[in-house]
$ cat upload.pdb   # PDB, C-alpha atoms, pLDDT in the B column
ATOM      1  CA  GLY O   1       0.000   0.000   0.000  1.00 55.00           C
ATOM      2  CA  ALA O   2       0.881   3.656  -0.118  1.00 77.00           C
ATOM      3  CA  GLY O   3       1.590   3.943   3.584  1.00 91.00           C
ATOM      4  CA  VAL O   4       1.857   1.963   6.800  1.00 94.00           C
ATOM      5  CA  SER O   5      -1.570   0.771   7.849  1.00 95.00           C
ATOM      6  CA  GLN O   6      -2.478  -0.045  11.433  1.00 97.00           C
ATOM      7  CA  SER O   7      -5.644  -1.549  12.784  1.00 97.00           C
ATOM      8  CA  PRO O   8      -7.684  -1.022  14.771  1.00 97.00           C
ATOM      9  CA  SER O   9      -7.235   2.722  15.172  1.00 95.00           C
ATOM     10  CA  ASN O  10      -8.797   2.549  18.623  1.00 97.00           C
ATOM     11  CA  LYS O  11      -9.244  -0.355  21.001  1.00 98.00           C
ATOM     12  CA  VAL O  12     -10.884  -0.378  24.394  1.00 98.00           C
ATOM     13  CA  THR O  13     -10.450  -3.576  26.340  1.00 98.00           C
ATOM     14  CA  GLU O  14     -11.093  -4.843  29.821  1.00 97.00           C
ATOM     15  CA  LYS O  15      -8.209  -5.496  32.156  1.00 97.00           C
ATOM     16  CA  GLY O  16      -7.061  -9.102  31.847  1.00 98.00           C
ATOM     17  CA  LYS O  17      -8.154  -9.557  28.233  1.00 98.00           C
ATOM     18  CA  ASP O  18      -5.758 -10.263  25.355  1.00 98.00           C
ATOM     19  CA  VAL O  19      -5.485  -7.850  22.424  1.00 98.00           C
ATOM     20  CA  GLU O  20      -3.952  -8.068  18.964  1.00 98.00           C
ATOM     21  CA  LEU O  21      -2.731  -5.038  17.075  1.00 98.00           C
ATOM     22  CA  ARG O  22      -1.985  -5.246  13.392  1.00 97.00           C
ATOM     23  CA  CYS O  23       0.544  -3.461  11.198  1.00 97.00           C
ATOM     24  CA  ASP O  24       0.698  -3.655   7.410  1.00 96.00           C
ATOM     25  CA  PRO O  25       3.992  -2.067   6.270  1.00 94.00           C
ATOM     26  CA  ILE O  26       4.843  -0.456   2.989  1.00 92.00           C
ATOM     27  CA  SER O  27       5.345  -3.075   0.315  1.00 90.00           C
ATOM     28  CA  GLY O  28       9.026  -3.889  -0.095  1.00 87.00           C
ATOM     29  CA  HIS O  29      10.080  -2.521   3.263  1.00 89.00           C
ATOM     30  CA  THR O  30      12.145  -5.210   4.934  1.00 88.00           C
ATOM     31  CA  ALA O  31      12.382  -3.596   8.363  1.00 90.00           C
ATOM     32  CA  LEU O  32       9.430  -3.200  10.720  1.00 93.00           C
ATOM     33  CA  TYR O  33       9.367  -1.590  14.147  1.00 94.00           C
ATOM     34  CA  TRP O  34       6.879  -1.369  16.976  1.00 97.00           C
ATOM     35  CA  TYR O  35       6.909   1.557  19.402  1.00 96.00           C
ATOM     36  CA  ARG O  36       4.757   2.526  22.354  1.00 97.00           C
ATOM     37  CA  GLN O  37       3.886   6.108  23.229  1.00 95.00           C
ATOM     38  CA  SER O  38       2.333   6.742  26.602  1.00 92.00           C
ATOM     39  CA  LEU O  39       0.380   9.953  27.128  1.00 85.00           C
ATOM     40  CA  GLY O  40       2.627  12.988  26.766  1.00 78.00           C
ATOM     41  CA  GLN O  41       5.754  10.879  26.405  1.00 82.00           C
ATOM     42  CA  GLY O  42       8.261  10.044  23.710  1.00 86.00           C
ATOM     43  CA  LEU O  43       8.304   6.838  21.748  1.00 93.00           C
ATOM     44  CA  GLU O  44       9.556   3.696  23.451  1.00 93.00           C
ATOM     45  CA  PHE O  45      11.042   0.984  21.250  1.00 93.00           C
ATOM     46  CA  LEU O  46       9.422  -2.432  21.592  1.00 96.00           C
ATOM     47  CA  ILE O  47      10.547  -4.802  18.847  1.00 95.00           C
ATOM     48  CA  TYR O  48      12.307  -4.787  15.471  1.00 91.00           C
ATOM     49  CA  PHE O  49      12.021  -7.189  12.531  1.00 92.00           C
ATOM     50  CA  GLN O  50      14.557  -7.180   9.701  1.00 88.00           C
ATOM     51  CA  GLY O  51      13.914  -9.526   6.805  1.00 85.00           C
ATOM     52  CA  ASN O  52      14.232 -13.161   7.836  1.00 83.00           C
ATOM     53  CA  SER O  53      16.518 -12.461  10.780  1.00 86.00           C
ATOM     54  CA  ALA O  54      15.499 -13.213  14.343  1.00 88.00           C
ATOM     55  CA  PRO O  55      13.627 -10.212  15.736  1.00 91.00           C
ATOM     56  CA  ASP O  56      15.185  -7.871  18.259  1.00 91.00           C
ATOM     57  CA  LYS O  57      12.814  -8.170  21.217  1.00 92.00           C
ATOM     58  CA  SER O  58      14.968  -6.201  23.637  1.00 91.00           C
ATOM     59  CA  GLY O  59      12.374  -3.474  24.137  1.00 93.00           C
ATOM     60  CA  LEU O  60       9.429  -5.643  25.107  1.00 96.00           C
ATOM     61  CA  PRO O  61       8.476  -4.622  28.666  1.00 95.00           C
ATOM     62  CA  SER O  62       7.291  -8.042  29.849  1.00 95.00           C
ATOM     63  CA  ASP O  63       6.569 -11.564  28.664  1.00 96.00           C
ATOM     64  CA  ARG O  64       2.938 -10.548  28.212  1.00 98.00           C
ATOM     65  CA  PHE O  65       4.045  -8.813  25.035  1.00 98.00           C
ATOM     66  CA  SER O  66       4.880 -10.729  21.865  1.00 97.00           C
ATOM     67  CA  ALA O  67       4.967 -10.015  18.170  1.00 96.00           C
ATOM     68  CA  GLU O  68       5.263 -11.910  14.962  1.00 95.00           C
ATOM     69  CA  ARG O  69       5.704 -11.034  11.359  1.00 94.00           C
ATOM     70  CA  THR O  70       4.307 -13.391   8.770  1.00 86.00           C
ATOM     71  CA  GLY O  71       5.864 -13.742   5.341  1.00 82.00           C
ATOM     72  CA  GLY O  72       8.053 -10.725   5.892  1.00 77.00           C
ATOM     73  CA  SER O  73       5.043  -8.440   5.658  1.00 90.00           C
ATOM     74  CA  VAL O  74       2.170  -8.019   8.114  1.00 95.00           C
ATOM     75  CA  SER O  75       3.002  -7.933  11.803  1.00 97.00           C
ATOM     76  CA  THR O  76       0.833  -8.579  14.838  1.00 97.00           C
ATOM     77  CA  LEU O  77       1.626  -7.294  18.315  1.00 98.00           C
ATOM     78  CA  THR O  78      -0.129  -9.307  21.020  1.00 98.00           C
ATOM     79  CA  ILE O  79      -0.582  -8.183  24.588  1.00 98.00           C
ATOM     80  CA  GLN O  80      -1.834 -10.873  26.935  1.00 98.00           C
ATOM     81  CA  ARG O  81      -3.676 -10.250  30.192  1.00 98.00           C
ATOM     82  CA  THR O  82      -3.743  -6.503  29.592  1.00 98.00           C
ATOM     83  CA  GLN O  83      -3.173  -4.127  32.473  1.00 97.00           C
ATOM     84  CA  GLN O  84      -4.049  -0.469  32.852  1.00 96.00           C
ATOM     85  CA  GLU O  85      -0.427   0.586  32.401  1.00 95.00           C
ATOM     86  CA  ASP O  86      -0.556  -0.913  28.902  1.00 97.00           C
ATOM     87  CA  SER O  87      -2.827   1.971  27.869  1.00 97.00           C
ATOM     88  CA  ALA O  88      -0.909   3.892  25.215  1.00 97.00           C
ATOM     89  CA  VAL O  89      -0.660   4.529  21.504  1.00 96.00           C
ATOM     90  CA  TYR O  90       1.135   1.717  19.712  1.00 97.00           C
ATOM     91  CA  LEU O  91       2.937   2.894  16.602  1.00 96.00           C
ATOM     92  CA  CYS O  92       4.353   0.795  13.823  1.00 96.00           C
ATOM     93  CA  ALA O  93       6.995   1.957  11.353  1.00 94.00           C
ATOM     94  CA  SER O  94       8.662   0.377   8.370  1.00 92.00           C
ATOM     95  CA  SER O  95      11.784   1.118   6.374  1.00 89.00           C
ATOM     96  CA  LEU O  96      13.870  -0.273   3.571  1.00 83.00           C
ATOM     97  CA  GLY O  97      16.380  -1.353   6.186  1.00 68.00           C
ATOM     98  CA  ARG O  98      19.239   0.671   4.745  1.00 58.00           C
ATOM     99  CA  THR O  99      21.019   3.597   6.313  1.00 53.00           C
ATOM    100  CA  GLY O 100      20.020   7.064   5.290  1.00 56.00           C
ATOM    101  CA  GLY O 101      17.307   9.526   6.037  1.00 60.00           C
ATOM    102  CA  SER O 102      13.574   9.744   5.506  1.00 60.00           C
ATOM    103  CA  GLY O 103      13.339   5.967   5.307  1.00 72.00           C
ATOM    104  CA  TYR O 104      11.087   5.421   8.319  1.00 87.00           C
ATOM    105  CA  THR O 105       7.379   5.682   7.649  1.00 91.00           C
ATOM    106  CA  PHE O 106       5.032   5.555  10.609  1.00 93.00           C
ATOM    107  CA  GLY O 107       1.478   4.361  10.738  1.00 95.00           C
ATOM    108  CA  SER O 108      -1.249   6.369  12.441  1.00 93.00           C
ATOM    109  CA  GLY O 109      -1.115   4.139  15.487  1.00 95.00           C
ATOM    110  CA  THR O 110      -3.540   2.133  17.591  1.00 97.00           C
ATOM    111  CA  ARG O 111      -4.810   3.864  20.707  1.00 96.00           C
ATOM    112  CA  LEU O 112      -5.242   1.169  23.340  1.00 97.00           C
ATOM    113  CA  THR O 113      -7.280   1.882  26.449  1.00 97.00           C
ATOM    114  CA  VAL O 114      -7.442  -0.724  29.187  1.00 97.00           C
ATOM    115  CA  VAL O 115     -10.362  -0.215  31.568  1.00 97.00           C
TER
ATOM    116  CA  ALA Q   1      22.001   6.195  30.029  1.00 54.00           C
ATOM    117  CA  GLN Q   2      19.667   8.475  28.122  1.00 63.00           C
ATOM    118  CA  LYS Q   3      20.785   8.665  24.541  1.00 91.00           C
ATOM    119  CA  ILE Q   4      18.652  11.568  23.341  1.00 96.00           C
ATOM    120  CA  THR Q   5      17.992  14.568  25.547  1.00 96.00           C
ATOM    121  CA  GLN Q   6      15.505  17.308  24.797  1.00 97.00           C
ATOM    122  CA  THR Q   7      15.651  19.785  27.647  1.00 96.00           C
ATOM    123  CA  GLN Q   8      12.749  22.006  26.598  1.00 96.00           C
ATOM    124  CA  PRO Q   9       9.391  20.451  27.491  1.00 94.00           C
ATOM    125  CA  GLY Q  10       7.590  23.443  26.002  1.00 96.00           C
ATOM    126  CA  MET Q  11       8.420  26.437  23.842  1.00 96.00           C
ATOM    127  CA  PHE Q  12       6.509  29.500  22.671  1.00 97.00           C
ATOM    128  CA  VAL Q  13       7.308  31.494  19.563  1.00 97.00           C
ATOM    129  CA  GLN Q  14       5.627  34.376  17.807  1.00 97.00           C
ATOM    130  CA  GLU Q  15       4.345  33.783  14.314  1.00 97.00           C
ATOM    131  CA  LYS Q  16       6.946  34.612  11.624  1.00 97.00           C
ATOM    132  CA  GLU Q  17       9.852  34.396  14.047  1.00 97.00           C
ATOM    133  CA  ALA Q  18      12.525  31.695  14.144  1.00 98.00           C
ATOM    134  CA  VAL Q  19      12.809  29.141  16.921  1.00 98.00           C
ATOM    135  CA  THR Q  20      15.479  26.630  17.932  1.00 98.00           C
ATOM    136  CA  LEU Q  21      14.606  23.317  19.539  1.00 98.00           C
ATOM    137  CA  ASP Q  22      17.483  21.715  21.398  1.00 98.00           C
ATOM    138  CA  CYS Q  23      18.666  18.125  21.142  1.00 98.00           C
ATOM    139  CA  THR Q  24      21.774  16.477  22.494  1.00 98.00           C
ATOM    140  CA  TYR Q  25      22.707  12.863  22.021  1.00 97.00           C
ATOM    141  CA  ASP Q  26      25.094  10.280  23.352  1.00 95.00           C
ATOM    142  CA  THR Q  27      26.698   7.520  21.332  1.00 92.00           C
ATOM    143  CA  SER Q  28      30.041   5.804  20.949  1.00 89.00           C
ATOM    144  CA  ASP Q  29      29.274   4.876  17.344  1.00 88.00           C
ATOM    145  CA  GLN Q  30      31.098   6.729  14.592  1.00 90.00           C
ATOM    146  CA  SER Q  31      28.273   6.171  12.137  1.00 89.00           C
ATOM    147  CA  TYR Q  32      24.791   7.285  13.081  1.00 91.00           C
ATOM    148  CA  GLY Q  33      21.869   9.314  11.851  1.00 92.00           C
ATOM    149  CA  LEU Q  34      19.874  12.054  13.511  1.00 94.00           C
ATOM    150  CA  PHE Q  35      16.224  12.741  12.758  1.00 95.00           C
ATOM    151  CA  TRP Q  36      13.550  15.225  13.676  1.00 96.00           C
ATOM    152  CA  TYR Q  37       9.873  14.342  13.594  1.00 95.00           C
ATOM    153  CA  LYS Q  38       6.788  16.484  14.086  1.00 96.00           C
ATOM    154  CA  GLN Q  39       3.728  15.073  15.814  1.00 94.00           C
ATOM    155  CA  PRO Q  40       0.612  17.252  15.564  1.00 94.00           C
ATOM    156  CA  SER Q  41      -2.406  16.666  17.759  1.00 91.00           C
ATOM    157  CA  SER Q  42      -3.677  14.137  15.217  1.00 88.00           C
ATOM    158  CA  GLY Q  43      -0.879  11.825  16.364  1.00 88.00           C
ATOM    159  CA  GLU Q  44       0.859  11.072  13.087  1.00 89.00           C
ATOM    160  CA  MET Q  45       4.643  11.158  13.007  1.00 92.00           C
ATOM    161  CA  ILE Q  46       5.866  13.434  10.225  1.00 93.00           C
ATOM    162  CA  PHE Q  47       9.491  13.225   9.135  1.00 91.00           C
ATOM    163  CA  LEU Q  48      11.133  16.646   8.936  1.00 94.00           C
ATOM    164  CA  ILE Q  49      14.879  16.392   8.450  1.00 94.00           C
ATOM    165  CA  TYR Q  50      17.831  14.008   8.609  1.00 93.00           C
ATOM    166  CA  GLN Q  51      21.549  14.476   9.310  1.00 94.00           C
ATOM    167  CA  GLY Q  52      24.118  11.737   8.861  1.00 92.00           C
ATOM    168  CA  SER Q  53      27.121  11.721  11.160  1.00 93.00           C
ATOM    169  CA  TYR Q  54      29.490  11.983   8.214  1.00 92.00           C
ATOM    170  CA  ASP Q  55      27.626  14.831   6.544  1.00 89.00           C
ATOM    171  CA  GLU Q  56      29.783  17.912   6.742  1.00 85.00           C
ATOM    172  CA  GLN Q  57      27.080  20.390   5.888  1.00 89.00           C
ATOM    173  CA  ASN Q  58      24.030  21.075   8.000  1.00 91.00           C
ATOM    174  CA  ALA Q  59      20.861  19.592   6.562  1.00 92.00           C
ATOM    175  CA  THR Q  60      18.134  21.911   5.347  1.00 92.00           C
ATOM    176  CA  GLU Q  61      14.590  21.167   4.216  1.00 91.00           C
ATOM    177  CA  GLY Q  62      12.584  24.253   3.381  1.00 95.00           C
ATOM    178  CA  ARG Q  63      12.011  26.206   6.603  1.00 97.00           C
ATOM    179  CA  TYR Q  64      13.747  23.507   8.655  1.00 97.00           C
ATOM    180  CA  SER Q  65      17.468  23.323   9.242  1.00 97.00           C
ATOM    181  CA  LEU Q  66      19.498  21.151  11.543  1.00 96.00           C
ATOM    182  CA  ASN Q  67      22.347  22.804  13.438  1.00 96.00           C
ATOM    183  CA  PHE Q  68      24.715  19.846  13.762  1.00 96.00           C
ATOM    184  CA  GLN Q  69      27.656  20.269  16.135  1.00 96.00           C
ATOM    185  CA  LYS Q  70      29.331  16.899  16.211  1.00 94.00           C
ATOM    186  CA  ALA Q  71      31.947  17.651  18.842  1.00 94.00           C
ATOM    187  CA  ARG Q  72      29.245  18.901  21.205  1.00 95.00           C
ATOM    188  CA  LYS Q  73      26.903  16.039  20.221  1.00 96.00           C
ATOM    189  CA  SER Q  74      24.069  18.398  19.524  1.00 97.00           C
ATOM    190  CA  ALA Q  75      21.544  18.418  16.701  1.00 97.00           C
ATOM    191  CA  ASN Q  76      19.269  21.391  17.198  1.00 98.00           C
ATOM    192  CA  LEU Q  77      16.305  22.000  14.910  1.00 98.00           C
ATOM    193  CA  VAL Q  78      15.809  25.524  13.631  1.00 98.00           C
ATOM    194  CA  ILE Q  79      12.418  26.493  12.253  1.00 98.00           C
ATOM    195  CA  SER Q  80      12.434  29.787  10.395  1.00 96.00           C
ATOM    196  CA  ALA Q  81       9.393  32.008   9.844  1.00 96.00           C
ATOM    197  CA  SER Q  82       7.152  30.068  12.229  1.00 97.00           C
ATOM    198  CA  GLN Q  83       3.579  29.426  11.169  1.00 97.00           C
ATOM    199  CA  LEU Q  84       0.524  28.621  13.272  1.00 97.00           C
ATOM    200  CA  GLY Q  85       0.519  25.148  11.749  1.00 97.00           C
ATOM    201  CA  ASP Q  86       3.928  24.488  13.266  1.00 98.00           C
ATOM    202  CA  SER Q  87       2.313  24.083  16.684  1.00 98.00           C
ATOM    203  CA  ALA Q  88       2.984  20.453  17.590  1.00 97.00           C
ATOM    204  CA  MET Q  89       5.255  18.095  19.498  1.00 96.00           C
ATOM    205  CA  TYR Q  90       8.741  17.774  18.045  1.00 97.00           C
ATOM    206  CA  PHE Q  91      10.896  14.717  18.617  1.00 96.00           C
ATOM    207  CA  CYS Q  92      14.600  14.295  18.058  1.00 97.00           C
ATOM    208  CA  ALA Q  93      15.725  10.739  17.313  1.00 95.00           C
ATOM    209  CA  MET Q  94      18.929   8.863  16.611  1.00 94.00           C
ATOM    210  CA  ARG Q  95      19.746   5.694  14.751  1.00 90.00           C
ATOM    211  CA  GLU Q  96      23.066   4.005  15.488  1.00 85.00           C
ATOM    212  CA  ASP Q  97      24.334   2.205  12.409  1.00 80.00           C
ATOM    213  CA  THR Q  98      25.798  -0.750  14.299  1.00 76.00           C
ATOM    214  CA  GLY Q  99      23.426  -3.299  15.732  1.00 68.00           C
ATOM    215  CA  ARG Q 100      19.766  -2.417  15.923  1.00 69.00           C
ATOM    216  CA  ARG Q 101      18.585   0.079  13.364  1.00 74.00           C
ATOM    217  CA  ALA Q 102      15.625   1.272  15.388  1.00 83.00           C
ATOM    218  CA  LEU Q 103      15.273   4.926  16.248  1.00 89.00           C
ATOM    219  CA  THR Q 104      15.786   6.100  19.821  1.00 92.00           C
ATOM    220  CA  PHE Q 105      13.612   9.098  20.622  1.00 94.00           C
ATOM    221  CA  GLY Q 106      13.894  12.001  23.003  1.00 95.00           C
ATOM    222  CA  SER Q 107      11.031  13.042  25.250  1.00 94.00           C
ATOM    223  CA  GLY Q 108       9.914  15.777  22.902  1.00 96.00           C
ATOM    224  CA  THR Q 109       9.316  19.531  22.922  1.00 97.00           C
ATOM    225  CA  ARG Q 110       5.854  21.012  22.600  1.00 97.00           C
ATOM    226  CA  LEU Q 111       5.996  24.086  20.394  1.00 98.00           C
ATOM    227  CA  GLN Q 112       3.206  26.621  20.437  1.00 98.00           C
ATOM    228  CA  VAL Q 113       3.173  29.335  17.804  1.00 98.00           C
ATOM    229  CA  GLN Q 114       1.338  32.456  18.887  1.00 97.00           C
ATOM    230  CA  PRO Q 115      -0.318  34.898  16.462  1.00 95.00           C
TER
END
$ encode --input "upload.pdb" --output "structure tokens"
Amino acid sequence: GAGVSQSPSNKVTEKGKDVELRCDPISGHTALYWYRQSLGQGLEFLIYFQGNSAPDKSGLPSDRFSAERTGGSVSTLTIQRTQQEDSAVYLCASSLGRTGGSGYTFGSGTRLTVV
Amino acid sequence: AQKITQTQPGMFVQEKEAVTLDCTYDTSDQSYGLFWYKQPSSGEMIFLIYQGSYDEQNATEGRYSLNFQKARKSANLVISASQLGDSAMYFCAMREDTGRRALTFGSGTRLQVQP
């Protein structure tokens, strides 16, 4: 597609439920990133996929968080047993995976609210 | 250790005047990239400008310029002739070219342009 697509745009869930957030990157972009942005804060790195390499999961805050990327394209971020502190905007970005500027395109994000 | 520091939580500027948003960074890598993004209230992340660590000249993109002082590890964003539409959050970010290619973000500066 023309841009990075994320769904849903908004998600309200009850504490303890599992949620899945989806990211569809720009076609041909080999690198995909997930970030979390809590209210009024900067972006916190969560996980990074590059081609067929093992993902860099070093930013995942707990084992309740996991992500996969199927066929080198669409990615799903799963949060199990959600807690109120998981409430945030989850942003996905993709890039060609090379060095250089302007290569990171962000989606519009999923606003997750845990009640 | 914090890798990107933005010391100005909020800034005000009069319309048509110039404003400088500060950013300092910390890295031991010789090869890295510095980015500025704008995030309006709609939440999208808009790429503004990029500076590579080996670029000798300061980057410019229209009304945006990046004042890169490598020895001081600073990468300040200068916006000339401010417009009301420039009111937004501004994030400085760095990508280190060894290891993970994900961006590390600062905490942001909220710019308000006054008429």
$ residues_near_point --input "upload.pdb" --point "(15.5, 5.2, 21.5)" --cutoff "12 Å" --atoms "all atoms listed in the file" --output "PyMOL selection string"
(chain O and resi 33-37+42-47+58-59) or (chain Q and resi 1-5+25-27+34-35+91-96+100-107)
$ interface_residues --input "upload.pdb" --of "chain O" --to "chain Q" --cutoff "12 Å" --atoms "all atoms listed in the file" --output "PyMOL selection string"
chain O and resi 3-6+9+30-50+53-59+88-111
$ resolve_selection --input "upload.pdb" --expression "the PyMOL selection byres ((chain Q and resi 82-88) around 6)" --output "PyMOL selection string"
chain Q and resi 15-18+39-40+80-81+89+110-113
$ write_last_selection --input "upload.pdb" --atoms "C-alpha atoms" --output "mmCIF file, keeping the file's coordinate frame"
data_model
loop_
_atom_site.group_PDB
_atom_site.id
_atom_site.type_symbol
_atom_site.label_atom_id
_atom_site.label_comp_id
_atom_site.auth_asym_id
_atom_site.auth_seq_id
_atom_site.Cartn_x
_atom_site.Cartn_y
_atom_site.Cartn_z
ATOM 1 C CA GLU Q 15 4.345 33.783 14.314
ATOM 2 C CA LYS Q 16 6.946 34.612 11.624
ATOM 3 C CA GLU Q 17 9.852 34.396 14.047
ATOM 4 C CA ALA Q 18 12.525 31.695 14.144
ATOM 5 C CA GLN Q 39 3.728 15.073 15.814
ATOM 6 C CA PRO Q 40 0.612 17.252 15.564
ATOM 7 C CA SER Q 80 12.434 29.787 10.395
ATOM 8 C CA ALA Q 81 9.393 32.008 9.844
ATOM 9 C CA MET Q 89 5.255 18.095 19.498
ATOM 10 C CA ARG Q 110 5.854 21.012 22.600
ATOM 11 C CA LEU Q 111 5.996 24.086 20.394
ATOM 12 C CA GLN Q 112 3.206 26.621 20.437
ATOM 13 C CA VAL Q 113 3.173 29.335 17.804
#
$ resolve_selection --input "upload.pdb" --expression "the PyMOL selection byres ((chain O and resi 67) around 8)" --output "number ranges by chain"
O: 47, 65-66, 68-69, 75-78
$ atom_distance --input "upload.pdb" --atom1 "CA of Glu61 in chain Q" --atom2 "CA of Pro25 in chain O"
25.6 Å
$ atom_distance --input "upload.pdb" --atom1 "CA of Arg72 in chain Q" --atom2 "CA of Thr60 in chain Q"
19.6 Å
$ atom_distance --input "upload.pdb" --atom1 "CA of Ala59 in chain Q" --atom2 "CA of Gln30 in chain Q"
18.3 Å
$ closest_residue --input "upload.pdb" --among "O:Gly28, O:Arg22, O:Arg64, O:Glu85" --to "Thr113 in chain O" --atoms "only C-alpha atoms"
O:Glu85
$ resolve_selection --input "upload.pdb" --expression "the PyMOL selection byres ((chain Q and resi 58) around 6)" --output "VMD selection string"
chain Q and resid 57 59 66 to 68
$ closest_residue --input "upload.pdb" --among "O:Val114, O:Ala2, O:Asn52, O:His29" --to "Thr70 in chain O" --atoms "all atoms listed in the file"
O:Asn52
